[in-house]
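Peer 1: Structure incoming, see below.
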Amino acid sequence: RWPRVRLPRGARFSSNETTHPSTSPAILMGVYFGKLRVGVELPKYEVISKSARGYEVRRYHECVAAEVVVERGSQHKGSDGFRALAGYIGAFGKPQNTAREAIKMTAPVVTQSLDSGEKIAMTAPVVTAETKNEDGEEGYWMQFIMPSKWTMETLPEPKDDRVRLRRIEERHVAAVYFSGRAGEEVVRRMEEKLLADVRADGLTVKENCKPQLARYNDPFTPGFLRTNEIWVVINKPQAATVAA
């Protein structure tokens, strides 16, 4: 039996893209219980196929994202990147953009780890990255995908120099769902399994792309109600290559 969950005033469950009438931080950031979401837009995609190994192949539409690099911290524990991006969209106060216009939060927030010392250009197809700085400390990249109504031409410029806007082209993604807290060891195992399953089905990972952690919840959601996915960008699959 599921426990009772108290939602912020104005929140409602929906299986469609909705607007959120409340200005509560929990609603602005999006609320997601299991596979049921409340007042949050998701990136547009179509499911191309589902593998018997437990993942699905999706075709994501072109979109625009805001992203930030943080020199110290971890994608599993760091919060500086989240605060910078939340500031840009106005999740917790006055929007830190040139138009002073609030931008609705979407889900998920996506992060990605890198090998020590590896560097990726801002135009690479990754979303966020974790690496080592000159002091040997970890750093990471984080990305918020903007609501579908926005374009590179209409989005206001960030006031925070760390926040960058980037257009993401249409892409094919292998995605697998898991629930609970996205701890480092759990994420590592899920990444390894997804890569193995993709290879077993004859699919290929796009060059320079690594698994990404997609988290759908705000920080206030209890661990047992959290929704997560591991994504990896793949080359366009040929028909009937995924085990059904």
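As shown in the structure tokens, the chain order sets the letters A, B, ...; within each chain, residues go from 1, and ligands are also counted from 1 in the order they appear.
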Could you give me, as a VMD selection string, each residue of stretch 186-231 of chain A that DSSP assigns to alpha helix (DSSP H) when run on this structure's backbone?
Peer 2: chain A and resid 186 to 200
Peer 1: Do a neighbour search on A:Ala65 at 9 Å with only C-alpha atoms, toss out local chain neighbours closer than 3 positions, and write the hits as a PyMOL selection string.
Peer 2: chain A and resi 127+143-147+152+164-168
Peer 1: Take the residues just selected and output them with C-alpha atoms as a compact mmCIF listing (two decimals), in the first residue's frame.
Peer 2:
```txt
# COMPACT_ATOMS: atom_id res chain seq x y z
CA VAL A 127 24.57 17.12 -21.11
CA GLN A 143 21.69 20.88 -17.70
CA PHE A 144 18.05 22.01 -17.57
CA ILE A 145 16.07 21.42 -20.76
CA MET A 146 13.90 24.45 -21.51
CA PRO A 147 10.11 24.21 -22.06
CA MET A 152 17.44 30.16 -28.79
CA ARG A 164 25.12 28.90 -21.13
CA LEU A 165 22.26 28.28 -23.58
CA ARG A 166 22.63 25.55 -26.19
CA ARG A 167 20.53 24.03 -28.97
CA ILE A 168 20.35 20.21 -28.82
```
Peer 1: Identify, on the basis of only C-alpha atoms, every residue whose closest approach to A:Thr106 does not exceed 6 Å; exclude the query and any residue fewer than 5 positions from it along the same chain; express the result as a PyMOL selection string.
Peer 2: chain A and resi 40-42
Peer 1: Output the selection as a JSON list (two decimals), in the first residue's frame - C-alpha atoms for each residue.
Peer 2:
```json
[["chain", "number", "residue", "atom", "x", "y", "z"],
["A", 40, "VAL", "CA", 5.97, 19.43, -15.11],
["A", 41, "GLU", "CA", 6.76, 19.28, -18.83],
["A", 42, "LEU", "CA", 9.00, 16.55, -20.23]]
```
Peer 1: In Å, how far is it from atom CA of A:Arg100 to atom CA of A:Thr151?
Peer 2: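 Atom-to-atom, atom CA of A:Arg100 to atom CA of A:Thr151, that is 16.7 Å.
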Peer 1: I want to know what sits within 9 Å of stretch 186-201 of chain A, based on only C-alpha atoms, with residues of the same chain fewer than 5 positions away left out; could you give that as a list in words?
Peer 2: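 So the residues in contact are Ser51, Arg53, Gly54, Tyr55, Ala174, Ala175, Val176, Phe178, Arg181, Lys210, Pro211, Gln212, Leu213, Glu229, Ile230, Trp231, Val232, Ile234, Thr241, Val242 and Ala243 of chain A.
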